[in-house]
Amino acid sequence: MKIAAIVPVKTFSEAKTRLELPTKQKEELCKIMLEEILHTLSISPQIQKVIIVTKEQKALEIAKQFDVISIIDEDEESVNSAVALADKYLLENGFDASIVFPQDIPYIKTQDIDFILNYKIPPNFVIVVPSRRFDGTNALVRMPVNLMRTHYDEDSYKIHMNTAKEFTRNVALVFAKRIMWDIDNKEDLEFLLEQNEKPNVAQKIRDVLNSK
């Protein structure tokens with residue numbers, strides 16, 4: 001079975017406004033997070049191809065380091081429109097399933113991907129991993145790729161769960177802590193730095209926060 005990961009990437013300077021960081025620090029943080037998730041996804045034996053959808057030039061340069069497919073999203077209307085662009089590519093290239101991840105879950109590990117994919121129930125299935133606050137979707141698995149449209153918005157995990165049930169009985173809500181740990185605001189950032197999961201990544205983030 002061919003599985004692809006989709007990572008929509010917003011322009012760094014426009015992302016993570018709730019962190020209230022200077023633009024340079026925010027861009028560096030986005031770069032660290034993207035490098036980490038692309039590295040993890042690229043070494044996962046479960047994932048055959050990784051796709052980013054973005055118009056951010058720095059993200060496109062990072063993608064080249066990890067043999068990632070880049071789809072240019074000039075309009076950058078929404079996460080949903082970005083995923084739809086990736087879906088089109090996957091359908092045209094014979095992929096069976098996809099996993100949508102945000103870029104802001106830098107503590108994700110390959111065993112987390114193995115864990116959530118153990119829940120798959122062919123031939124039609126959806127898996128939702130919520131955010132730590134249960135107000136977003138931090139992983140969305142769909143088989144087939146076009147089983148349902150995405151609905152990234154307020155309480156998206158609930159919307160994804162309810163929408164999925166309209167198309168299949170095989171729907172699972174899965175809790176994978178490192179995938180649930182996203183970074184949307186200062187509290188999230190402080191929480192993440194307290195976790196002893198990836199000390200090298202934590203140090204990179206601290207270095208950025210301590211820089212001028």
# chains A, B, ... in the order shown; residues from 1 in each chain; ligands from 1
>>> residues_around(residues="Asp75 (chain A)", least_positions_apart="3", cutoff="10 Å", atoms="only C-alpha atoms", output="list in words")
Thr54, Lys55, Ile72, Ser78, Ser81 and Ala82 of chain A
>>> residues_around(residues="region 18-23 of chain A", least_positions_apart="2", cutoff="7 Å", atoms="only C-alpha atoms", output="list in words")
Ser13, Lys16, Gln25, Lys26, Glu27, Asp184, Asn185 and Lys186 of chain A
>>> closest_residue(among="A:Lys31, A:Arg178, A:Lys64, A:Lys49", to="Ala5 (chain A)", atoms="only C-alpha atoms")
A:Lys49
>>> closest_residue(among="A:Thr168, A:Thr150, A:Gln195, A:Thr40", to="Val68 (chain A)", atoms="only C-alpha atoms")
A:Thr40
>>> closest_residue(among="A:Asp207, A:Glu194, A:Asp104, A:Glu76", to="Met180 (chain A)", atoms="only C-alpha atoms")
A:Asp104
>>> closest_residue(among="A:Ile108, A:Leu209, A:Ile99, A:Ala164", to="Val141 (chain A)", atoms="only C-alpha atoms")
A:Ile99
>>> select_by_dssp(residues="chain A", states="helix (DSSP H, G or I)", output="number ranges by chain")
A: 12-14, 17-19, 23-42, 57-65, 79-92, 110-117, 156-164, 177-180, 186-194, 199-210
>>> write_last_selection(atoms="C-alpha atoms", output="short mmCIF file (atom, residue, chain, number, x, y, z; two decimals), in the first residue's frame")
data_model
loop_
_atom_site.label_atom_id
_atom_site.label_comp_id
_atom_site.auth_asym_id
_atom_site.auth_seq_id
_atom_site.Cartn_x
_atom_site.Cartn_y
_atom_site.Cartn_z
CA PHE A 12 6.78 31.66 7.74
CA SER A 13 6.33 35.40 8.29
CA GLU A 14 2.54 34.98 8.35
CA THR A 17 1.10 35.04 15.17
CA ARG A 18 -0.12 33.95 18.61
CA LEU A 19 3.46 33.25 19.66
CA THR A 23 9.56 37.96 12.83
CA LYS A 24 13.14 36.68 12.65
CA GLN A 25 12.69 34.38 15.66
CA LYS A 26 9.34 33.13 14.39
CA GLU A 27 10.81 32.31 10.99
CA GLU A 28 13.71 30.45 12.59
CA LEU A 29 11.30 28.49 14.77
CA CYS A 30 9.20 27.55 11.73
CA LYS A 31 12.37 26.40 9.98
CA ILE A 32 13.41 24.18 12.90
CA MET A 33 9.96 22.62 13.18
CA LEU A 34 9.70 21.94 9.46
CA GLU A 35 13.18 20.40 9.27
CA GLU A 36 12.36 18.10 12.16
CA ILE A 37 9.03 16.82 10.88
CA LEU A 38 10.34 16.34 7.34
CA HIS A 39 13.33 14.42 8.69
CA THR A 40 11.06 12.15 10.75
CA LEU A 41 8.60 11.55 7.92
CA SER A 42 11.38 10.90 5.41
CA GLN A 57 10.85 29.80 -0.45
CA LYS A 58 12.72 28.73 2.69
CA ALA A 59 10.39 25.74 3.03
CA LEU A 60 11.01 24.75 -0.58
CA GLU A 61 14.75 24.84 0.07
CA ILE A 62 14.36 22.67 3.18
CA ALA A 63 12.25 20.18 1.21
CA LYS A 64 15.15 19.59 -1.19
CA GLN A 65 17.24 18.22 1.68
CA VAL A 79 -5.05 24.45 4.81
CA ASN A 80 -8.01 22.77 3.11
CA SER A 81 -7.12 24.16 -0.32
CA ALA A 82 -3.47 23.16 0.21
CA VAL A 83 -4.49 19.58 1.06
CA ALA A 84 -6.75 19.47 -1.99
CA LEU A 85 -3.76 20.29 -4.20
CA ALA A 86 -1.81 17.42 -2.66
CA ASP A 87 -4.79 15.07 -2.99
CA LYS A 88 -4.90 15.74 -6.73
CA TYR A 89 -1.22 14.79 -7.06
CA LEU A 90 -1.66 11.62 -4.99
CA LEU A 91 -4.67 10.43 -6.97
CA GLU A 92 -2.86 11.02 -10.26
CA THR A 110 8.67 7.34 13.60
CA GLN A 111 7.16 5.04 16.24
CA ASP A 112 4.25 7.46 16.54
CA ILE A 113 3.50 6.97 12.86
CA ASP A 114 3.73 3.18 13.32
CA PHE A 115 1.35 3.44 16.27
CA ILE A 116 -1.42 5.34 14.51
CA LEU A 117 -1.20 3.21 11.36
CA SER A 156 -11.63 20.49 13.31
CA TYR A 157 -11.10 17.13 14.96
CA LYS A 158 -14.80 16.90 15.84
CA ILE A 159 -15.78 17.99 12.33
CA HIS A 160 -13.40 15.44 10.82
CA MET A 161 -14.78 12.67 13.02
CA ASN A 162 -18.39 13.50 12.17
CA THR A 163 -17.69 13.96 8.46
CA ALA A 164 -15.76 10.68 8.27
CA LYS A 177 0.99 12.39 22.67
CA ARG A 178 3.96 13.60 20.64
CA ILE A 179 1.72 14.21 17.63
CA MET A 180 -0.78 16.01 19.88
CA LYS A 186 3.54 30.72 24.29
CA GLU A 187 1.98 28.21 26.65
CA ASP A 188 2.39 25.45 24.06
CA LEU A 189 6.01 26.42 23.56
CA GLU A 190 6.74 26.38 27.30
CA PHE A 191 4.97 23.02 27.63
CA LEU A 192 6.98 21.51 24.81
CA LEU A 193 10.30 22.67 26.24
CA GLU A 194 9.44 20.96 29.54
CA PRO A 199 16.65 17.44 23.80
CA ASN A 200 18.55 18.51 20.67
CA VAL A 201 15.43 20.05 19.15
CA ALA A 202 14.53 21.72 22.44
CA GLN A 203 18.00 23.26 22.56
CA LYS A 204 17.67 24.60 19.03
CA ILE A 205 14.37 26.24 20.01
CA ARG A 206 15.89 27.74 23.17
CA ASP A 207 18.78 29.11 21.14
CA VAL A 208 16.30 30.86 18.83
CA LEU A 209 14.31 32.28 21.74
CA ASN A 210 17.49 33.55 23.37
#
>>> closest_residue(among="A:Glu166, A:Asp96, A:Asp155, A:Glu77", to="Arg142 (chain A)", atoms="only C-alpha atoms")
A:Asp96
>>> closest_residue(among="A:Met148, A:Phe167, A:Asn93, A:Val7", to="Ile52 (chain A)", atoms="only C-alpha atoms")
A:Val7
>>> select_by_dssp(residues="region 64-147 of chain A", states="strand (DSSP E or B)", output="PyMOL selection string")
chain A and resi 69-72+97-100+125-130+137-143
>>> atom_distance(atom1="CA of Arg132 (chain A)", atom2="CA of Gln103 (chain A)")
15.0 Å
>>> atom_distance(atom1="CA of Gln46 (chain A)", atom2="CA of Ala97 (chain A)")
11.0 Å
>>> atom_distance(atom1="CA of Pro45 (chain A)", atom2="CA of Leu173 (chain A)")
22.6 Å
